[in-house]
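A.B. asks: Hey, dropping work_18.pdb in here, PDB, C-alpha atoms:
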```pdb
ATOM      1  CA  MET A   1     -69.238  28.085 -33.199
ATOM      2  CA  SER A   2     -71.836  29.921 -35.303
ATOM      3  CA  ASP A   3     -69.213  31.986 -37.099
ATOM      4  CA  VAL A   4     -66.633  29.232 -37.554
ATOM      5  CA  SER A   5     -65.344  28.511 -41.045
ATOM      6  CA  VAL A   6     -66.076  25.008 -42.322
ATOM      7  CA  SER A   7     -64.473  22.932 -45.063
ATOM      8  CA  VAL A   8     -66.338  19.841 -46.254
ATOM      9  CA  VAL A   9     -63.898  17.394 -47.838
ATOM     10  CA  ILE A  10     -65.442  14.818 -50.188
ATOM     11  CA  PRO A  11     -63.249  12.126 -51.752
ATOM     12  CA  SER A  12     -64.836  10.729 -54.898
ATOM     13  CA  HIS A  13     -64.006   7.980 -57.361
ATOM     14  CA  ASN A  14     -66.591   7.221 -60.068
ATOM     15  CA  GLU A  15     -69.514   8.367 -57.898
ATOM     16  CA  GLY A  16     -71.528   9.719 -60.858
ATOM     17  CA  GLN A  17     -74.790  11.458 -60.034
ATOM     18  CA  GLN A  18     -74.406  10.643 -56.349
ATOM     19  CA  LEU A  19     -71.540  13.133 -56.115
ATOM     20  CA  LEU A  20     -73.595  15.907 -57.701
ATOM     21  CA  ASP A  21     -76.602  15.213 -55.484
ATOM     22  CA  THR A  22     -74.442  15.095 -52.338
ATOM     23  CA  VAL A  23     -72.835  18.448 -53.148
ATOM     24  CA  ASP A  24     -76.257  20.001 -53.848
ATOM     25  CA  CYS A  25     -77.534  18.704 -50.506
ATOM     26  CA  LEU A  26     -74.579  20.004 -48.499
ATOM     27  CA  LEU A  27     -74.596  23.412 -50.191
ATOM     28  CA  VAL A  28     -78.070  24.106 -48.783
ATOM     29  CA  GLY A  29     -76.825  24.139 -45.186
ATOM     30  CA  LEU A  30     -73.225  25.210 -45.714
ATOM     31  CA  PRO A  31     -72.318  28.210 -43.490
ATOM     32  CA  PRO A  32     -71.482  31.489 -45.291
ATOM     33  CA  ALA A  33     -67.783  31.046 -44.513
ATOM     34  CA  GLY A  34     -67.858  27.443 -45.711
ATOM     35  CA  GLU A  35     -66.425  25.598 -48.673
ATOM     36  CA  ILE A  36     -66.712  22.169 -50.259
ATOM     37  CA  VAL A  37     -63.482  20.541 -51.429
ATOM     38  CA  VAL A  38     -64.050  17.580 -53.735
ATOM     39  CA  VAL A  39     -61.052  15.330 -54.300
ATOM     40  CA  ASP A  40     -61.731  13.672 -57.650
ATOM     41  CA  ASP A  41     -59.539  10.651 -57.018
ATOM     42  CA  GLY A  42     -58.873   9.298 -60.500
ATOM     43  CA  SER A  43     -62.489   9.095 -61.644
ATOM     44  CA  THR A  44     -63.148   7.899 -65.186
ATOM     45  CA  ASP A  45     -66.884   8.629 -65.276
ATOM     46  CA  GLY A  46     -66.616  12.394 -65.840
ATOM     47  CA  SER A  47     -68.384  13.248 -62.566
ATOM     48  CA  GLY A  48     -65.602  15.547 -61.373
ATOM     49  CA  GLU A  49     -65.512  17.437 -64.653
ATOM     50  CA  GLN A  50     -69.294  17.765 -64.658
ATOM     51  CA  LEU A  51     -69.254  19.209 -61.134
ATOM     52  CA  ALA A  52     -66.482  21.652 -62.056
ATOM     53  CA  ARG A  53     -68.476  22.867 -65.082
ATOM     54  CA  LEU A  54     -71.425  23.721 -62.840
ATOM     55  CA  GLY A  55     -69.247  26.370 -61.185
ATOM     56  CA  HIS A  56     -70.899  26.346 -57.763
ATOM     57  CA  PRO A  57     -69.524  29.188 -55.615
ATOM     58  CA  GLY A  58     -67.612  27.734 -52.698
ATOM     59  CA  VAL A  59     -67.002  24.384 -54.418
ATOM     60  CA  ARG A  60     -63.505  23.362 -55.534
ATOM     61  CA  VAL A  61     -62.642  20.210 -57.447
ATOM     62  CA  LEU A  62     -59.102  18.890 -56.934
ATOM     63  CA  ARG A  63     -57.484  16.251 -59.134
ATOM     64  CA  PRO A  64     -54.449  14.552 -57.574
ATOM     65  CA  ALA A  65     -51.726  13.358 -59.927
ATOM     66  CA  GLU A  66     -52.220   9.733 -58.815
ATOM     67  CA  ARG A  67     -54.894   7.515 -57.314
ATOM     68  CA  LEU A  68     -54.795   8.047 -53.556
ATOM     69  CA  GLY A  69     -57.491   5.921 -51.959
ATOM     70  CA  ALA A  70     -59.839   6.916 -49.149
ATOM     71  CA  ALA A  71     -57.395   7.898 -46.370
ATOM     72  CA  ARG A  72     -54.860   9.725 -48.523
ATOM     73  CA  ALA A  73     -57.559  11.512 -50.547
ATOM     74  CA  ARG A  74     -59.071  12.858 -47.336
ATOM     75  CA  ASN A  75     -55.654  14.069 -46.197
ATOM     76  CA  TYR A  76     -55.012  15.666 -49.590
ATOM     77  CA  GLY A  77     -58.292  17.569 -49.371
ATOM     78  CA  ALA A  78     -57.578  18.633 -45.796
ATOM     79  CA  THR A  79     -54.194  20.033 -46.833
ATOM     80  CA  CYS A  80     -55.933  22.253 -49.385
ATOM     81  CA  ALA A  81     -58.856  23.210 -47.117
ATOM     82  CA  THR A  82     -59.054  26.555 -45.305
ATOM     83  CA  GLY A  83     -61.767  25.936 -42.711
ATOM     84  CA  GLU A  84     -61.266  25.897 -38.957
ATOM     85  CA  VAL A  85     -63.430  22.773 -38.875
ATOM     86  CA  LEU A  86     -63.032  19.883 -41.299
ATOM     87  CA  VAL A  87     -66.036  17.774 -42.234
ATOM     88  CA  PHE A  88     -65.180  14.537 -44.021
ATOM     89  CA  SER A  89     -68.140  13.392 -46.088
ATOM     90  CA  ASP A  90     -68.694  10.464 -48.403
ATOM     91  CA  ALA A  91     -69.930  11.306 -51.899
ATOM     92  CA  HIS A  92     -73.226   9.446 -51.401
ATOM     93  CA  VAL A  93     -75.006  10.969 -48.387
ATOM     94  CA  ARG A  94     -77.978  13.189 -47.561
ATOM     95  CA  LEU A  95     -78.757  15.079 -44.350
ATOM     96  CA  ALA A  96     -80.811  17.972 -43.012
ATOM     97  CA  PRO A  97     -79.590  21.497 -43.832
ATOM     98  CA  ASP A  98     -79.252  22.422 -40.160
ATOM     99  CA  TRP A  99     -76.374  19.951 -39.667
ATOM    100  CA  PRO A 100     -73.803  22.679 -38.832
ATOM    101  CA  ALA A 101     -75.927  23.999 -35.975
ATOM    102  CA  ARG A 102     -76.381  20.467 -34.633
ATOM    103  CA  LEU A 103     -72.802  19.210 -34.919
ATOM    104  CA  LEU A 104     -70.408  22.120 -34.542
ATOM    105  CA  PRO A 105     -71.388  23.176 -30.990
ATOM    106  CA  VAL A 106     -70.399  19.720 -29.726
ATOM    107  CA  LEU A 107     -66.797  20.419 -30.735
ATOM    108  CA  VAL A 108     -66.752  23.214 -28.126
ATOM    109  CA  GLU A 109     -67.225  20.662 -25.342
ATOM    110  CA  PRO A 110     -63.979  20.182 -23.375
ATOM    111  CA  GLY A 111     -62.129  17.139 -24.550
ATOM    112  CA  VAL A 112     -64.307  16.360 -27.567
ATOM    113  CA  GLY A 113     -62.077  15.668 -30.540
ATOM    114  CA  ALA A 114     -64.496  14.487 -33.230
ATOM    115  CA  VAL A 115     -68.268  14.320 -33.701
ATOM    116  CA  ALA A 116     -70.628  12.647 -36.155
ATOM    117  CA  PRO A 117     -74.372  12.157 -36.662
ATOM    118  CA  ALA A 118     -76.224   8.866 -36.486
ATOM    119  CA  VAL A 119     -76.248   6.864 -39.727
ATOM    120  CA  SER A 120     -79.299   5.495 -41.531
ATOM    121  CA  VAL A 121     -79.558   3.548 -44.776
ATOM    122  CA  MET A 122     -80.521   5.213 -48.054
ATOM    123  CA  HIS A 123     -83.452   3.569 -49.878
ATOM    124  CA  ALA A 124     -83.992   1.096 -47.030
ATOM    125  CA  SER A 125     -87.436  -0.290 -46.248
ATOM    126  CA  HIS A 126     -86.534  -0.612 -42.560
ATOM    127  CA  GLY A 127     -85.678   2.062 -40.010
ATOM    128  CA  ALA A 128     -82.276   0.779 -38.897
ATOM    129  CA  VAL A 129     -80.016   3.511 -37.509
ATOM    130  CA  GLY A 130     -76.484   3.247 -36.127
ATOM    131  CA  TYR A 131     -75.247   5.541 -33.356
ATOM    132  CA  GLY A 132     -71.519   4.988 -33.735
ATOM    133  CA  PHE A 133     -69.974   1.528 -33.776
ATOM    134  CA  GLN A 134     -67.564  -0.801 -32.010
ATOM    135  CA  TRP A 135     -65.361  -3.775 -32.881
ATOM    136  CA  LYS A 136     -66.936  -7.007 -31.717
ATOM    137  CA  ASP A 137     -64.049  -9.452 -32.192
ATOM    138  CA  ALA A 138     -60.361  -9.822 -32.999
ATOM    139  CA  ALA A 139     -61.071  -9.679 -36.750
ATOM    140  CA  LEU A 140     -62.435  -6.127 -36.214
ATOM    141  CA  ASN A 141     -65.916  -7.023 -37.371
ATOM    142  CA  VAL A 142     -68.299  -4.189 -36.602
ATOM    143  CA  ASP A 143     -71.377  -3.838 -34.419
ATOM    144  CA  TRP A 144     -73.430  -0.681 -34.873
ATOM    145  CA  LEU A 145     -74.595   0.817 -31.576
ATOM    146  CA  GLY A 146     -78.215   1.373 -30.674
ATOM    147  CA  TRP A 147     -80.113   4.317 -29.242
ATOM    148  CA  GLN A 148     -78.749   5.557 -25.884
ATOM    149  CA  GLY A 149     -80.802   8.723 -25.493
ATOM    150  CA  GLU A 150     -81.207  11.992 -27.330
ATOM    151  CA  GLN A 151     -78.276  13.871 -25.807
ATOM    152  CA  PRO A 152     -74.889  13.876 -27.590
ATOM    153  CA  HIS A 153     -72.633  11.295 -26.003
ATOM    154  CA  ALA A 154     -69.320   9.471 -26.305
ATOM    155  CA  VAL A 155     -69.019   6.367 -28.480
ATOM    156  CA  PRO A 156     -66.030   4.134 -29.244
ATOM    157  CA  LEU A 157     -65.804   4.683 -33.000
ATOM    158  CA  LEU A 158     -67.316   7.152 -35.445
ATOM    159  CA  PRO A 159     -68.293   6.383 -39.046
ATOM    160  CA  GLY A 160     -66.234   8.198 -41.657
ATOM    161  CA  CYS A 161     -69.192   8.891 -43.936
ATOM    162  CA  PHE A 162     -69.740  12.240 -42.150
ATOM    163  CA  LEU A 163     -67.231  13.166 -39.461
ATOM    164  CA  CYS A 164     -66.315  16.591 -38.036
ATOM    165  CA  ILE A 165     -63.021  17.521 -36.393
ATOM    166  CA  ARG A 166     -61.175  20.753 -35.702
ATOM    167  CA  HIS A 167     -58.577  21.447 -38.377
ATOM    168  CA  ASP A 168     -55.782  22.153 -35.923
ATOM    169  CA  LEU A 169     -56.473  18.953 -33.969
ATOM    170  CA  PHE A 170     -56.609  16.915 -37.174
ATOM    171  CA  ALA A 171     -53.146  18.178 -38.098
ATOM    172  CA  GLN A 172     -51.858  17.663 -34.547
ATOM    173  CA  ILE A 173     -52.845  13.980 -34.430
ATOM    174  CA  GLY A 174     -51.491  13.250 -37.905
ATOM    175  CA  GLY A 175     -54.632  13.126 -40.036
ATOM    176  CA  PHE A 176     -55.866   9.854 -41.482
ATOM    177  CA  ASP A 177     -53.299   7.086 -41.696
ATOM    178  CA  ASN A 178     -51.639   7.421 -45.105
ATOM    179  CA  GLY A 179     -50.502   3.807 -44.844
ATOM    180  CA  LEU A 180     -54.066   2.508 -45.261
ATOM    181  CA  MET A 181     -54.575   1.395 -48.851
ATOM    182  CA  VAL A 182     -57.540   2.152 -51.164
ATOM    183  CA  TRP A 183     -60.410   1.574 -48.724
ATOM    184  CA  GLY A 184     -61.126   0.189 -45.275
ATOM    185  CA  SER A 185     -60.520   0.899 -41.554
ATOM    186  CA  GLU A 186     -59.700   4.603 -41.954
ATOM    187  CA  ASP A 187     -62.584   5.785 -39.753
ATOM    188  CA  GLY A 188     -62.105   3.245 -36.963
ATOM    189  CA  GLU A 189     -58.364   3.842 -36.895
ATOM    190  CA  LEU A 190     -58.770   7.623 -36.641
ATOM    191  CA  SER A 191     -61.414   7.288 -33.927
ATOM    192  CA  LEU A 192     -59.220   4.982 -31.856
ATOM    193  CA  ARG A 193     -56.272   7.339 -32.222
ATOM    194  CA  VAL A 194     -58.407  10.296 -31.085
ATOM    195  CA  TRP A 195     -59.225   8.378 -27.897
ATOM    196  CA  LEU A 196     -55.673   7.195 -27.235
ATOM    197  CA  LEU A 197     -54.298  10.710 -27.654
ATOM    198  CA  GLY A 198     -56.614  12.019 -24.940
ATOM    199  CA  TYR A 199     -59.695  13.250 -26.819
ATOM    200  CA  GLU A 200     -63.200  11.837 -27.197
ATOM    201  CA  CYS A 201     -65.489  10.815 -30.064
ATOM    202  CA  TRP A 202     -69.124  11.863 -29.741
ATOM    203  CA  VAL A 203     -72.291  11.182 -31.697
ATOM    204  CA  VAL A 204     -75.317  13.478 -32.065
ATOM    205  CA  PRO A 205     -78.154  10.927 -32.044
ATOM    206  CA  THR A 206     -80.963  13.272 -33.101
ATOM    207  CA  LEU A 207     -79.278  14.078 -36.416
ATOM    208  CA  GLU A 208     -79.064  11.386 -39.088
ATOM    209  CA  VAL A 209     -76.913  11.204 -42.175
ATOM    210  CA  VAL A 210     -78.556   9.017 -44.792
ATOM    211  CA  HIS A 211     -75.801   6.925 -46.346
ATOM    212  CA  LEU A 212     -75.829   4.754 -49.461
ATOM    213  CA  PHE A 213     -74.595   1.292 -48.455
ATOM    214  CA  ARG A 214     -73.793  -0.528 -51.698
ATOM    215  CA  ALA A 215     -73.410  -4.228 -52.392
ATOM    216  CA  ALA A 216     -70.333  -3.390 -54.468
ATOM    217  CA  HIS A 217     -67.995  -0.405 -54.796
ATOM    218  CA  PRO A 218     -67.804   1.513 -58.086
ATOM    219  CA  TYR A 219     -64.125   0.486 -58.109
ATOM    220  CA  THR A 220     -62.107  -2.623 -57.311
ATOM    221  CA  VAL A 221     -61.351  -3.330 -53.656
ATOM    222  CA  GLU A 222     -59.013  -6.287 -53.171
ATOM    223  CA  TRP A 223     -59.487  -8.344 -50.010
ATOM    224  CA  GLU A 224     -55.712  -8.473 -49.567
ATOM    225  CA  LEU A 225     -55.634  -4.680 -49.166
ATOM    226  CA  VAL A 226     -58.626  -4.681 -46.807
ATOM    227  CA  LEU A 227     -56.845  -7.313 -44.706
ATOM    228  CA  HIS A 228     -53.623  -5.290 -44.843
ATOM    229  CA  ASN A 229     -55.494  -2.296 -43.423
ATOM    230  CA  LEU A 230     -56.999  -4.342 -40.595
ATOM    231  CA  LEU A 231     -53.602  -5.751 -39.675
ATOM    232  CA  ARG A 232     -52.058  -2.287 -39.799
ATOM    233  CA  VAL A 233     -54.592  -1.057 -37.248
ATOM    234  CA  GLY A 234     -53.556  -3.914 -34.973
ATOM    235  CA  VAL A 235     -49.813  -3.427 -35.403
ATOM    236  CA  VAL A 236     -50.005   0.331 -34.839
ATOM    237  CA  HIS A 237     -52.378   0.297 -31.870
ATOM    238  CA  PHE A 238     -52.594  -3.047 -30.072
ATOM    239  CA  GLY A 239     -50.448  -4.583 -27.384
ATOM    240  CA  GLN A 240     -48.874  -8.008 -27.820
ATOM    241  CA  ALA A 241     -51.731 -10.154 -26.501
ATOM    242  CA  ARG A 242     -54.480  -8.439 -28.492
ATOM    243  CA  LEU A 243     -52.330  -8.318 -31.627
ATOM    244  CA  ALA A 244     -51.630 -12.052 -31.275
ATOM    245  CA  ARG A 245     -55.369 -12.769 -31.082
ATOM    246  CA  MET A 246     -55.913 -10.653 -34.171
ATOM    247  CA  ILE A 247     -53.193 -12.430 -36.168
ATOM    248  CA  ALA A 248     -54.585 -15.813 -35.076
ATOM    249  CA  SER A 249     -58.051 -14.843 -36.326
ATOM    250  CA  PHE A 250     -56.670 -14.157 -39.822
ATOM    251  CA  GLY A 251     -53.825 -16.674 -39.972
ATOM    252  CA  ALA A 252     -55.731 -19.267 -42.027
ATOM    253  CA  ASN A 253     -56.970 -16.689 -44.541
ATOM    254  CA  ALA A 254     -55.575 -17.259 -48.048
ATOM    255  CA  ALA A 255     -54.676 -13.560 -48.367
ATOM    256  CA  PHE A 256     -52.899 -13.361 -45.008
ATOM    257  CA  ALA A 257     -49.354 -14.061 -46.178
ATOM    258  CA  ASN A 258     -49.416 -11.441 -48.928
ATOM    259  CA  ALA A 259     -51.176  -8.903 -46.728
ATOM    260  CA  PHE A 260     -48.668  -9.372 -43.915
ATOM    261  CA  ALA A 261     -45.713  -9.219 -46.308
ATOM    262  CA  ARG A 262     -47.107  -5.964 -47.671
ATOM    263  CA  LEU A 263     -47.430  -4.681 -44.111
ATOM    264  CA  LEU A 264     -43.785  -5.481 -43.402
ATOM    265  CA  GLU A 265     -42.707  -3.277 -46.311
ATOM    266  CA  GLY A 266     -44.536  -0.246 -44.904
ATOM    267  CA  ASP A 267     -43.973   2.042 -41.952
ATOM    268  CA  ALA A 268     -46.413   0.413 -39.512
ATOM    269  CA  TRP A 269     -43.789  -0.268 -36.838
ATOM    270  CA  ALA A 270     -42.394   3.250 -37.083
ATOM    271  CA  ARG A 271     -45.915   4.608 -36.718
ATOM    272  CA  ARG A 272     -46.453   2.308 -33.717
ATOM    273  CA  ALA A 273     -43.407   3.841 -32.036
ATOM    274  CA  TRP A 274     -44.565   7.367 -32.924
ATOM    275  CA  LEU A 275     -47.977   6.799 -31.386
ATOM    276  CA  ARG A 276     -46.616   5.162 -28.235
ATOM    277  CA  SER A 277     -44.440   8.191 -27.581
ATOM    278  CA  ARG A 278     -47.501  10.477 -27.661
ATOM    279  CA  ARG A 279     -50.567   8.603 -26.483
ATOM    280  CA  LEU A 280     -52.112   9.104 -23.042
ATOM    281  CA  HIS A 281     -53.904   5.754 -23.027
ATOM    282  CA  ASP A 282     -53.276   2.287 -24.436
ATOM    283  CA  ASP A 283     -55.590  -0.161 -26.184
ATOM    284  CA  ASP A 284     -56.379  -1.991 -22.931
ATOM    285  CA  TRP A 285     -57.715   1.260 -21.456
ATOM    286  CA  PHE A 286     -59.850   1.825 -24.562
ATOM    287  CA  PHE A 287     -61.358  -1.668 -24.527
ATOM    288  CA  ARG A 288     -62.102  -1.421 -20.792
ATOM    289  CA  ARG A 289     -63.632   2.025 -21.298
ATOM    290  CA  PHE A 290     -66.252   0.572 -23.631
ATOM    291  CA  GLU A 291     -66.505  -2.903 -22.125
ATOM    292  CA  MET A 292     -65.325  -4.678 -25.256
ATOM    293  CA  ALA A 293     -64.171  -8.000 -23.849
ATOM    294  CA  TRP A 294     -61.949  -9.406 -26.546
TER
END
```
So that I can check it, write out the structure of this file as C-alpha cells.
C.D. replies:
Amino acid sequence: MSDVSVSVVIPSHNEGQQLLDTVDCLLVGLPPAGEIVVVDDGSTDGSGEQLARLGHPGVRVLRPAERLGAARARNYGATCATGEVLVFSDAHVRLAPDWPARLLPVLVEPGVGAVAPAVSVMHASHGAVGYGFQWKDAALNVDWLGWQGEQPHAVPLLPGCFLCIRHDLFAQIGGFDNGLMVWGSEDGELSLRVWLLGYECWVVPTLEVVHLFRAAHPYTVEWELVLHNLLRVGVVHFGQARLARMIASFGANAAFANAFARLLEGDAWARRAWLRSRRLHDDDWFFRRFEMAW
C-alpha cells in the first residue's frame, strides 16, 4: 500500500498547542498523496483559526455548524476526506514518521478491517504500554493488554487515539455510531462492530503512539452522557443475558434513570435490528473468541 492515499482525520475541541504540535508531527511522515482533515468542533480557544492561518499544504480545517462530539466529528471529517485509507487521530499524540509504512501494509492482510499501534503515555515516568484493550466486566471497564510478541496480531478492541481503516469499509459498516454523545465508547463500539461484521482488529506492537492521558478534558463531559454511551453499546450489541448483567451493574447509579430515558429517545433499538440483520457473529462468539468470561 505504498502508493495509497491517506486522510488523517483529527477532531479537536479546545486542544490549543497540542493540536498544532500533533499536526506538525503527522505532517513529517504523511505520504505524498496524503491529507490532514482537522474538524474544529466548536473550539473557543482559537486553535483552529491559528492552524488555518499557518496554511500548511495538505491540511484542511473544517468547522461544523454545531458541536458534534467525538463520534460525529470523526464521521464528519471522514465524509469530507478523499483518502483510500482513513486514519483517526486524537489531537494530542506523537509517533514516529514511518507510521504509514508500519501500519498500512497490515490492512492488506485478508480479513483485517482496522489496525492501530500500541499506546504509551505522554510525559510518563514509567514505561507502561497498552497493546489494544478489552472489557473486563459488565460495566465495560477497560483492561489494557500486555506484550504478546513483536508480530502484528488480532486484539479485541483498538484505541481510537490512532486507528486506521479502509475508507470503503468504514462507509460499508456505517462509520462511528452517531448516537454516541460527546465522548466515550466510540472506539470500543467500532472495534466490536468490525469483529461482528466479519473483519478483524489488529495491533502493530512495535510501533507506539504516545498519547496524552489527561486528568480532565478541556471541555465538560457529563457522567450521564458517558453512561448513556455505555448502555447504548450494550443495547445495540449484546444479547439478553449480557445486557441484563450490564443494566444490573449500573442500576444503582444516580445517573442511570436519566441516561436510560435518554437512550429510549434515540435510535438504539433500530440500530440493534440493523446490525443483527448484517452481522456474521454475535456477542457470545466475540467474548468466547477472546476468553472474556463475563
A.B. asks: From the set A:Leu264, A:Ala96, A:Ala52, A:Ala71, which residue has the shortest atom-to-atom contact distance to Asp187 in chain A, counting all atoms listed in the file?
C.D. replies: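 For Asp187 in chain A, the nearest of the given residues is A:Ala71.
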A.B. asks: Excluding Trp195 in chain A and residues on its chain fewer than 5 positions from it, collect all residues at most 9 Å away from it, counting all atoms listed in the file, and give them as a VMD selection string.
C.D. replies: chain A and resid 113 156 190 200 to 201 279 to 281 286
A.B. asks: Could you pull the residues within 7 Å of Val209 in chain A, counting all atoms listed in the file, minus those fewer than 2 positions along the same chain, as a PyMOL selection string?
C.D. replies: chain A and resi 93-95+117-120+207+211
A.B. asks: Residues at most 10 Å from Gly160 in chain A, counting all atoms listed in the file, excluding those fewer than 4 positions away in the same chain, as a PDB file with C-alpha atoms, keeping the file's coordinate frame?
C.D. replies:
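Resulting contents of part_11.pdb:
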```pdb
ATOM      1  CA  ALA A  70     -59.839   6.916 -49.149  1.00  0.00           C
ATOM      2  CA  VAL A  87     -66.036  17.774 -42.234  1.00  0.00           C
ATOM      3  CA  PHE A  88     -65.180  14.537 -44.021  1.00  0.00           C
ATOM      4  CA  SER A  89     -68.140  13.392 -46.088  1.00  0.00           C
ATOM      5  CA  ASP A  90     -68.694  10.464 -48.403  1.00  0.00           C
ATOM      6  CA  ALA A 116     -70.628  12.647 -36.155  1.00  0.00           C
ATOM      7  CA  CYS A 164     -66.315  16.591 -38.036  1.00  0.00           C
ATOM      8  CA  SER A 185     -60.520   0.899 -41.554  1.00  0.00           C
ATOM      9  CA  GLU A 186     -59.700   4.603 -41.954  1.00  0.00           C
ATOM     10  CA  ASP A 187     -62.584   5.785 -39.753  1.00  0.00           C
ATOM     11  CA  GLY A 188     -62.105   3.245 -36.963  1.00  0.00           C
ATOM     12  CA  LEU A 190     -58.770   7.623 -36.641  1.00  0.00           C
ATOM     13  CA  SER A 191     -61.414   7.288 -33.927  1.00  0.00           C
TER      14      SER A 191
END
```
A.B. asks: Excluding Pro31 in chain A and its own-chain neighbours fewer than 4 positions away, which residues fall within 8 Å of it when counting only C-alpha atoms? Please give them as a list in words.
C.D. replies: Ser5, Val6 and Pro100 of chain A
A.B. asks: Translate the PyMOL selection byres ((chain A and resi 175) around 12) into a concrete residue list for this structure, as a VMD selection string.
C.D. replies: chain A and resid 71 to 79 86 88 165 to 174 176 to 180 186 to 187 189 to 191 193 to 194
A.B. asks: Using all atoms listed in the file, which of A:Val9, A:Trp135, A:Arg232, A:Gly198 sits nearest Gly266 in chain A?
C.D. replies: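 Of all the options, A:Arg232 lies closest to Gly266 in chain A.
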A.B. asks: Given the file shown, enumerate the residues that the PyMOL selection byres ((chain A and resi 236) around 7) captures and present them as an NGL selection string.
C.D. replies: :A and (232-235 or 237-238 or 268-269 or 271-272)
A.B. asks: With C-alpha atoms kept, could you save the residues just selected as a PDB file, keeping the file's coordinate frame?
C.D. replies:
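Below is the file out.pdb, written as the result:
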```pdb
ATOM      1  CA  ARG A 232     -52.058  -2.287 -39.799  1.00  0.00           C
ATOM      2  CA  VAL A 233     -54.592  -1.057 -37.248  1.00  0.00           C
ATOM      3  CA  GLY A 234     -53.556  -3.914 -34.973  1.00  0.00           C
ATOM      4  CA  VAL A 235     -49.813  -3.427 -35.403  1.00  0.00           C
ATOM      5  CA  HIS A 237     -52.378   0.297 -31.870  1.00  0.00           C
ATOM      6  CA  PHE A 238     -52.594  -3.047 -30.072  1.00  0.00           C
ATOM      7  CA  ALA A 268     -46.413   0.413 -39.512  1.00  0.00           C
ATOM      8  CA  TRP A 269     -43.789  -0.268 -36.838  1.00  0.00           C
ATOM      9  CA  ARG A 271     -45.915   4.608 -36.718  1.00  0.00           C
ATOM     10  CA  ARG A 272     -46.453   2.308 -33.717  1.00  0.00           C
TER      11      ARG A 272
END
```
A.B. asks: At a cut-off of 10 Å around the point (-55.5, 14.7, -59.0) (file coordinates), what residues fall inside when counting all atoms listed in the file? I'd like the answer as number ranges by chain.
C.D. replies: A: 39-43, 61-68, 73, 76
A.B. asks: Using all atoms listed in the file, determine which residues lie at most 8 Å from Pro152 in chain A, disregarding the query and same-chain residues fewer than 6 positions distant; provide the list as number ranges by chain.
C.D. replies: A: 106, 202-205
A.B. asks: Can you give me, as a list in words, the residues this file yields under the PyMOL selection byres ((chain A and resi 250) around 12)?
C.D. replies: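 On the file shown, the PyMOL selection byres ((chain A and resi 250) around 12) covers Asp137, Ala138, Ala139, Leu140, Asn141, Glu224, Val226, Leu227, His228, Leu230, Leu231, Gly234, Leu243, Ala244, Arg245, Met246, Ile247, Ala248, Ser249, Gly251, Ala252, Asn253, Ala254, Ala255, Phe256, Ala257, Asn258, Ala259 and Phe260 of chain A.
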A.B. asks: What is the CA of Arg102 in chain A-CA of Glu291 in chain A distance in Å, reported with one decimal?
C.D. replies: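 Atom-to-atom, CA of Arg102 in chain A and CA of Glu291 in chain A are spaced 28.3 Å apart.
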A.B. asks: Just the number, please: distance in Å from CA of Arg60 in chain A to CA of Ile36 in chain A, one decimal.
C.D. replies: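 CA of Ile36 in chain A lies at a distance of 6.3 Å from CA of Arg60 in chain A.
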A.B. asks: When you count all atoms listed in the file, which of these residues is closest to Arg242 in chain A: A:Leu196, A:Ala293, A:Val85, A:Met181?
C.D. replies: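 Result for the nearest residue to Arg242 in chain A: A:Ala293.
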